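Contents: one structure, followed by commentary.
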Amino acid sequence: LVHESAHERWGNAVSAESWGDFWIHEGFGTFAEAVYLEHVKGREIADKHMQDWKASVGKKARVFRGLNVDSGKAYNINVYSKGAWVLHMLRNLVGEEQYHEAVKNYLERHALSDVETDDLREAFEEISGLPLDKFFDQWVYHGGVPELKVTYKWLAKDKMAHVTIEQTHQTN
């Protein structure tokens with residue numbers, strides 16, 4: 001109910017300009033669930049809920065990389081769970097007060113219009129004073145999770161573990 005109630009606000013106030021911006025709509029709907037849990041059951045329960053979403057994104061990350069999607073892939077796990085995580089990270093990055101002010105600014109400025117991801121970024125930059133282009137590039141446009149090769153060897157003589165972690169995915 002919380003997710004769908006959030007759509008009453010987001011779906012009626014702003015609409016995605018394109019399928020590539022659809023994550024905003026579903027991300028806010030999904031993130032509203034965590035905010036509600038935080039309000040009624042505490043931060044620990046909300047954080048657990050967010051961690052469950054994080055695990056679901058990790059399982060699908062190789063299939064669905066960034067959040068900008070086309071119409072054939074609009075309803076994938078990233079749009080919901082990862083969209084919520086982007087909003088969660090933004091809230092932690094700019095702080096609670098500035099997060100709410102930026103969202104209010106964004107909604108007031110773009111009420112009853114179509115929005116793009118950059119509209120959201122600009123609202124957060126304006127309120128926080130932070131340049132967020134790298135954040136959005138990393139988490140929205142080129143998302144995914146690291147692909148790692150991990151090797152482990154127990155060194156009995158030294159009573160130590162030797163762990164090697166190699167990043168195997170291609171970076172830009």
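Note on naming: chains are A, B, ... as they come in the structure tokens, residues start from 1 per chain, ligands start from 1 in the order shown.
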
* Just the strand (DSSP E) stuff from chain A, please, per backbone DSSP, written as a PyMOL selection string. => chain A and resi 14-16+113-115+148-155+160-167

Would you mind exporting the chosen residues as a short mmCIF file (atom, residue, chain, number, x, y, z; two decimals), in the first residue's frame, restricted to N, CA and C atoms?
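What follows is the written file again-v3.cif:
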data_model
loop_
_atom_site.label_atom_id
_atom_site.label_comp_id
_atom_site.auth_asym_id
_atom_site.auth_seq_id
_atom_site.Cartn_x
_atom_site.Cartn_y
_atom_site.Cartn_z
N VAL A 14 4.60 14.24 -11.13
CA VAL A 14 5.60 14.24 -12.20
C VAL A 14 5.55 12.91 -12.94
N SER A 15 5.85 12.95 -14.22
CA SER A 15 5.90 11.73 -15.03
C SER A 15 7.24 11.66 -15.74
N ALA A 16 7.69 10.45 -16.00
CA ALA A 16 8.97 10.25 -16.68
C ALA A 16 8.88 10.74 -18.12
N SER A 113 4.39 17.93 -14.91
CA SER A 113 5.18 17.94 -16.14
C SER A 113 5.98 16.65 -16.25
N ASP A 114 6.60 16.48 -17.39
CA ASP A 114 7.47 15.34 -17.61
C ASP A 114 8.87 15.69 -17.13
N VAL A 115 9.54 14.71 -16.51
CA VAL A 115 10.87 14.96 -15.95
C VAL A 115 11.89 14.00 -16.52
N LEU A 148 34.04 -9.65 -9.55
CA LEU A 148 35.29 -9.91 -8.87
C LEU A 148 35.66 -11.39 -8.93
N LYS A 149 36.96 -11.63 -8.99
CA LYS A 149 37.48 -12.99 -8.84
C LYS A 149 38.23 -12.99 -7.51
N VAL A 150 37.77 -13.85 -6.61
CA VAL A 150 38.35 -13.89 -5.27
C VAL A 150 39.01 -15.25 -5.07
N THR A 151 40.27 -15.22 -4.69
CA THR A 151 40.97 -16.46 -4.36
C THR A 151 41.40 -16.40 -2.89
N TYR A 152 41.42 -17.58 -2.29
CA TYR A 152 41.69 -17.69 -0.87
C TYR A 152 42.67 -18.84 -0.65
N LYS A 153 43.66 -18.60 0.15
CA LYS A 153 44.61 -19.66 0.49
C LYS A 153 44.96 -19.53 1.97
N TRP A 154 44.81 -20.64 2.70
CA TRP A 154 45.15 -20.65 4.11
C TRP A 154 46.63 -20.97 4.27
N LEU A 155 47.35 -20.11 4.96
CA LEU A 155 48.77 -20.31 5.21
C LEU A 155 48.91 -20.85 6.64
N MET A 160 47.47 -17.61 8.88
CA MET A 160 46.88 -16.44 8.22
C MET A 160 46.22 -16.87 6.91
N ALA A 161 45.28 -16.09 6.52
CA ALA A 161 44.64 -16.30 5.22
C ALA A 161 45.24 -15.30 4.22
N HIS A 162 45.46 -15.77 3.02
CA HIS A 162 45.90 -14.89 1.94
C HIS A 162 44.74 -14.79 0.96
N VAL A 163 44.17 -13.60 0.87
CA VAL A 163 43.02 -13.37 0.01
C VAL A 163 43.42 -12.41 -1.10
N THR A 164 43.10 -12.78 -2.33
CA THR A 164 43.35 -11.91 -3.48
C THR A 164 42.02 -11.59 -4.14
N ILE A 165 41.80 -10.31 -4.38
CA ILE A 165 40.58 -9.87 -5.05
C ILE A 165 40.97 -9.16 -6.32
N GLU A 166 40.45 -9.66 -7.44
CA GLU A 166 40.75 -9.09 -8.74
C GLU A 166 39.46 -8.58 -9.39
N GLN A 167 39.48 -7.34 -9.82
CA GLN A 167 38.32 -6.77 -10.52
C GLN A 167 38.36 -7.26 -11.95
#

Counting only C-alpha atoms, which residues of region 66-136 of chain A sit at most 9 Å from some atom of region 26-45 of chain A, and what is each one's closest atom pair with its distance in Å to one decimal, listed by chain and rising residue number, as a Markdown table?
| residue | atom | partner | partner_atom | distance |
| --- | --- | --- | --- | --- |
| A:Asn78 | CA | A:Gly27 | CA | 8.8 |
| A:Val79 | CA | A:Glu26 | CA | 6.2 |
| A:Tyr80 | CA | A:Gly27 | CA | 5.0 |
| A:Ser81 | CA | A:Thr30 | CA | 6.7 |
| A:Lys82 | CA | A:Gly27 | CA | 7.2 |
| A:Gly83 | CA | A:Gly27 | CA | 4.0 |
| A:Ala84 | CA | A:Gly27 | CA | 4.3 |
| A:Trp85 | CA | A:Phe31 | CA | 7.4 |
| A:Val86 | CA | A:Gly27 | CA | 7.9 |
| A:Leu87 | CA | A:Phe31 | CA | 7.1 |
| A:His88 | CA | A:Phe31 | CA | 7.2 |

* Identify which of the residues A:Ala6, A:Ala55, A:Ala46, A:Ile24 lies closest to Tyr106 (chain A), counting only C-alpha atoms when measuring atom-to-atom distances. => A:Ile24

* Could you check which of A:Ala111, A:Glu147, A:Leu93, A:Glu101 is closest to Ile127 (chain A), using only C-alpha atoms? => A:Glu101

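If you measure from each of A:Asn92, A:Gln170, A:Thr117, A:Gln51 to Glu17 (chain A) using only C-alpha atoms, the closest one turns out to be A:Thr117.
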